[in-house]
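Enquirer: Once you've had a glance at the structure underneath, I'll fire off some questions.
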There are 4 protein chains.
Amino acid sequence: MQSRSDIARLLGLDGNVSIDFVSSAALAANPLGDPAERPVVVYTPPGYDAQASRRYPALYVLHGYTGDVAALISARPWETNVLQWTDRVIRELRMPPALIVLVDGFTRLGGSQYVDSIHNGQYATYTVRDVIGHVDATYRTIAAEGGRAVLGKSSGGFGAMHLVMEHPGVFAAFASHSGDSYFPYAHPPAFATVQRVLEAHEFDIRKFVEVFERKHKRSPAEYTTMEMLAYAAAYSPRTATAFDLELPFDTSSGELIEEVFARWLAFDPAERVKDRHAELARLRLRYLDCGRRDEYNLDIGARVVARRIRELGLDVRHEEFDDDHRNVGYRYPVSLPALAEVLDKE
Amino acid sequence: MQSRSDIARLLGLDGNVSIDFVSSAALAANPLGDPAERPVVVYTPPGYDAQASRRYPALYVLHGYTGDVAALISARPWETNVLQWTDRVIRELRMPPALIVLVDGFTRLGGSQYVDSIHNGQYATYTVRDVIGHVDATYRTIAAEGGRAVLGKSSGGFGAMHLVMEHPGVFAAFASHSGDSYFPYAHPPAFATVQRVLEAHEFDIRKFVEVFERKHKRSPAEYTTMEMLAYAAAYSPRTATAFDLELPFDTSSGELIEEVFARWLAFDPAERVKDRHAELARLRLRYLDCGRRDEYNLDIGARVVARRIRELGLDVRHEEFDDDHRNVGYRYPVSLPALAEVLDKE
Amino acid sequence: MQSRSDIARLLGLDGNVSIDFVSSAALAANPLGDPAERPVVVYTPPGYDAQASRRYPALYVLHGYTGDVAALISARPWETNVLQWTDRVIRELRMPPALIVLVDGFTRLGGSQYVDSIHNGQYATYTVRDVIGHVDATYRTIAAEGGRAVLGKSSGGFGAMHLVMEHPGVFAAFASHSGDSYFPYAHPPAFATVQRVLEAHEFDIRKFVEVFERKHKRSPAEYTTMEMLAYAAAYSPRTATAFDLELPFDTSSGELIEEVFARWLAFDPAERVKDRHAELARLRLRYLDCGRRDEYNLDIGARVVARRIRELGLDVRHEEFDDDHRNVGYRYPVSLPALAEVLDKE
Amino acid sequence: MQSRSDIARLLGLDGNVSIDFVSSAALAANPLGDPAERPVVVYTPPGYDAQASRRYPALYVLHGYTGDVAALISARPWETNVLQWTDRVIRELRMPPALIVLVDGFTRLGGSQYVDSIHNGQYATYTVRDVIGHVDATYRTIAAEGGRAVLGKSSGGFGAMHLVMEHPGVFAAFASHSGDSYFPYAHPPAFATVQRVLEAHEFDIRKFVEVFERKHKRSPAEYTTMEMLAYAAAYSPRTATAFDLELPFDTSSGELIEEVFARWLAFDPAERVKDRHAELARLRLRYLDCGRRDEYNLDIGARVVARRIRELGLDVRHEEFDDDHRNVGYRYPVSLPALAEVLDKE
């Protein structure tokens, strides 16, 4: 790792990029059959190699639904990806040097939500134990709570909130960009779509997935269906058998099944923060933002989460901006420095 | 009324069309300031005048949200309005001769939902007493329950279901095309939109309405806002003062207020049918249909209503078709004959 | 016509509305089989009846493609149609009293463009001779060039420009709202769409039309196809046999046929104004406007026409506004007073 | 290059991927200030290293407008990029082993169209001399016309057609997927959009570009404007000064300037093939395809080009499919084997 990698050069970075592969015990033999060996992308800032003993804080970035690390490092002209943003704000001295770690949370259904699920595998454990373990063992990190933060967009923002609440002591701060929250506004109408699509496949989920995978193009309704299946796999699996899920609606009429949706709500950050005072109180920064035209109404979700955290007597940094859910990567130069600022440094 | 009216001629009808104006006691001095004198459009079939003593059944048609009777009789090339459909199916002998009555349920907020509201006025009473009273007094109708049916699309379908359940003994049958039902899938996500729009008007509803009215063009979000205000005016008015409404969400965060939404649900046909066995049992036809791609998920609503009616031990005619919510007037030639068929004839 | 008609009342007008039916020699036995008897809607301003000898100027309104007079008088809540606008600006004394005449130019293909065509019938002649003849004979008009203006939107704006240039001496002024012009930007890309749609019907135009008419819903591509067929019927008919049209593209490759498109360009106002100095010079007002986001690029068309009229040494009133092609009826209160202002009055 | 690179592993390839950087004399000191050192991505098939003397044919892939090589190797879940397709069809023995070379043709305006331009730099020369020179010098290629093919999508398809016609003797075959052609249907309507956007910037192109680059989000009209500027920079530059372009429309009215558009048409493959018999005749495969719902009407373009090639007495493989312009990468497994098949092998 003496010289910059091809990827770093292609992305025009001053820092460097490594692609490691981590074999995760937490994901071993998962029912869905997704790989247990996962790529981990690690960005090291300019000067990392030269200063051979200095340790750095690490920011863990969680991609959104239908993302993976390959997508996170993908580059498009006129666009700036998370590594390019990091490199730029460090270069402009708007943020102290830090490592950026991109975590792969993809599953065959499009995403794990970074939760431990009997159906998908232990994605929370994989993240906080296997990925962090590898990074701390391989790179000169400040290998302690005070040296780590977690952030992400959309499902990645959800994951960030989930991990700080379920695994206290791992991260000292989180940032959620347009993160999934307040499920009553975000999800139920999509159940109607899923009911229609799956009815056309006789509610054979495996069959639907296989057809989906073979298609060159999929309709928005098909993407929505896959997305809701991914959520069911994370929030309401029935058994550890692939595709054996509890759907939150009655298959014949489509109406909501309150009992199943309650399992989803148990993961809703808007619900969960209510009894996670201790976990939230130990954080140095709680950061939420969302575009005020979010198609999934996650701006309302962020307001509700922010209010409820404040009702616990805790501060929260909550921002809104004039945009929808897509392509809001320009929020990284706001969150990344804020997170790095509160972490321990050498 | 000896010869066909200009409107009848313009619409290319064999039958005739009258536009009457009814002064409604039920709407007198309503808080919103809408007119108490309302147009009623009455279609009489070919032969009505010649057979000077024959009496006819009457089908009452309720327009949807943002509709009125002027809109209902509006004609567009290549399209067929409800009077044109009626005329055609009668001419083709697919339906026995009947009167069609178009009821005006418009309000300043875009529609009354045909319910009695302290805020809007008594639109249910207006319909079943004032409009029907005028029609029975003016035309040779079979002036009894067995001679009347009610139908409509969207909010008009809702109105049809509402009136047969709240005013038993007036109509012998109903048809709901894509009628509002199962509010949990139809409405809550729109509350996020309304919260955003009204926040920009500091939650001054009167001001929003005045700005809306003055605009040449309105955004979809503005239309949605007006629509939800109309529903609040029908389902959850606070007082009899114009624009004094209970909104079903917290104005600052946008989150649902369960207590207010419960007032809405009390009007949801999916809820209401549960304890309206007697009212539904006396009907000769219960007809529901909906496009399977309905943007408001009213196909799910129709399924839920149909199932719950069946759970009462009653039959229901329930059909689905491959379309969305818009321009489904081609369902009239299905419902109109079915309704006319079960009514009394001379 | 002593009291206000039902239509006038329904539309909430102070003035009155008559629907006459004119039997047009110019349309007799037209190849397409469209009716030769046509509705003519005439608006008379408040005071018309009482002042039994006063004569009024008349503004002739031409509807757009897929419109007809029934559509022009159609009303929708929160919208204002041309008669409602007229009534309002007269009531507010922003315009002198005038008659408004709505001309029906519909054909089986969706519109005549108000031109004389061997394929459709003589719609220009019908308008300037049969419709005006009826109106002058029936109403107290100022039956001379100085007492008439013509206006319209989209194809109606085209028609207005066409008639003043081809029938000088009939109208003293015109207004074109978003009128068809500068065909090179407006039409050729649509030929690709038409080629695809008609290929699926083996280029059997009659068959396509019949299928189109039977459908409950049509795709945008099908509407575009019908529209281009209507233009071909107006601009490049092959013979006086129904559906025998010269298409402006090669049916197998879709590429432009310059010779046929030249027939279209001969009708393009942007071309035509070049050698119509005398016809344009005699007008008292030449009015053009267009939304600056017009989907058919007719704002460019209006600019080109305005420039070329100015290059003839003539004035033109040319306005732009921030809107697209749809629902720009709010421009009537600008054009109607401007036209009425320049006409003769008693 | 003994073991698979990180990129190859991340993309899940059996073959290997190198990212080289080529310093191009042809791009040195180009007026736009784009880098003269460019990334070249080279895919080598499984077995490349082991068989240390075997030489392979090479397929040169040109990206589309707003693409670059980083975008070409970007990966998205459920999608397959060109290297993944190549690897797969080679693995499935549907195609003989070959090298794939991804050429970077990006400019500050979004793309070079792979033509030599006094304004952008010599992108055709860069491709056929500098990139090919590097590849032939660095990899075991069959370094002759018979060992090379060129292909691309959209602007890349255009580039493929351009290069085989302007640089005969370099490639033995080409494939154009939805390639730019028949400009009369593809481009002129966009000029209206550009006129509107640039008018808002007072036709200061540099200013527009700088504003565009600084924005987080751009409107479709802004993207269209940039795209047309890129074409003007390729087809109708005025001088070798940055942003000094001849626009193909009159800036004040927006109307077409035929003389400038003629400069564009000189690059239109539909025009150009007419007098390139010799250049086209020497090719072993001429391949064109396009989706039949192409938004830019390039399906018509492909038909016109195919017809005109056939009129030269030459064969062409021309296919159509039911899709639009976006995400048609699934056509690579059709074109790649067809191209590889006709090339020389060892």
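The way I read the labels, and the way they are meant: chains A, B, ... in the order of the structure tokens, residue 1 as the first residue of every chain, and ligand 1 as the first ligand shown, with later ones counted on from there.
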With a cut-off of 6 Å and counting only C-alpha atoms, select all residues of chain C in contact with chain B and give the selection as a PyMOL selection string.
Expert: chain C and resi 70-71+74-76
Enquirer: Identify which of the residues C:Leu62, C:Val82, C:Ala242, C:Val22 lies closest to Val135 of chain C, counting only C-alpha atoms when measuring atom-to-atom distances.
Expert: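 So, comparing all the options, the nearest one is C:Val22.
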Enquirer: If you count only C-alpha atoms, which residues fall within 9 Å of Glu346 of chain A, apart from same-chain ones fewer than 3 positions away, as a PDB file with C-alpha atoms, in the first residue's frame?
Expert:
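Okay, around07.pdb is ready:
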```pdb
ATOM      1  CA  ARG A  54      -0.279   7.708  13.976  1.00  0.00           C
ATOM      2  CA  ARG A  55      -3.720   6.269  14.620  1.00  0.00           C
ATOM      3  CA  TYR A  56      -6.921   7.589  13.087  1.00  0.00           C
ATOM      4  CA  PRO A  57     -10.589   7.610  13.902  1.00  0.00           C
ATOM      5  CA  ILE A 142      -8.238   4.357  17.305  1.00  0.00           C
TER       6      ILE A 142
END
```
Enquirer: Apply DSSP to the backbone of this structure and, from segment 96-150 of chain D, keep only the residues in strand (DSSP E); write these as number ranges by chain.
Expert: D: 99-103, 116-117, 121-122, 148-150
Enquirer: Could you please determine the separation between atom CA of Cys290 of chain A and atom CA of Asn297 of chain B in Å, to one decimal place?
Expert: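 For atom CA of Cys290 of chain A relative to atom CA of Asn297 of chain B, the distance reads 26.5 Å.
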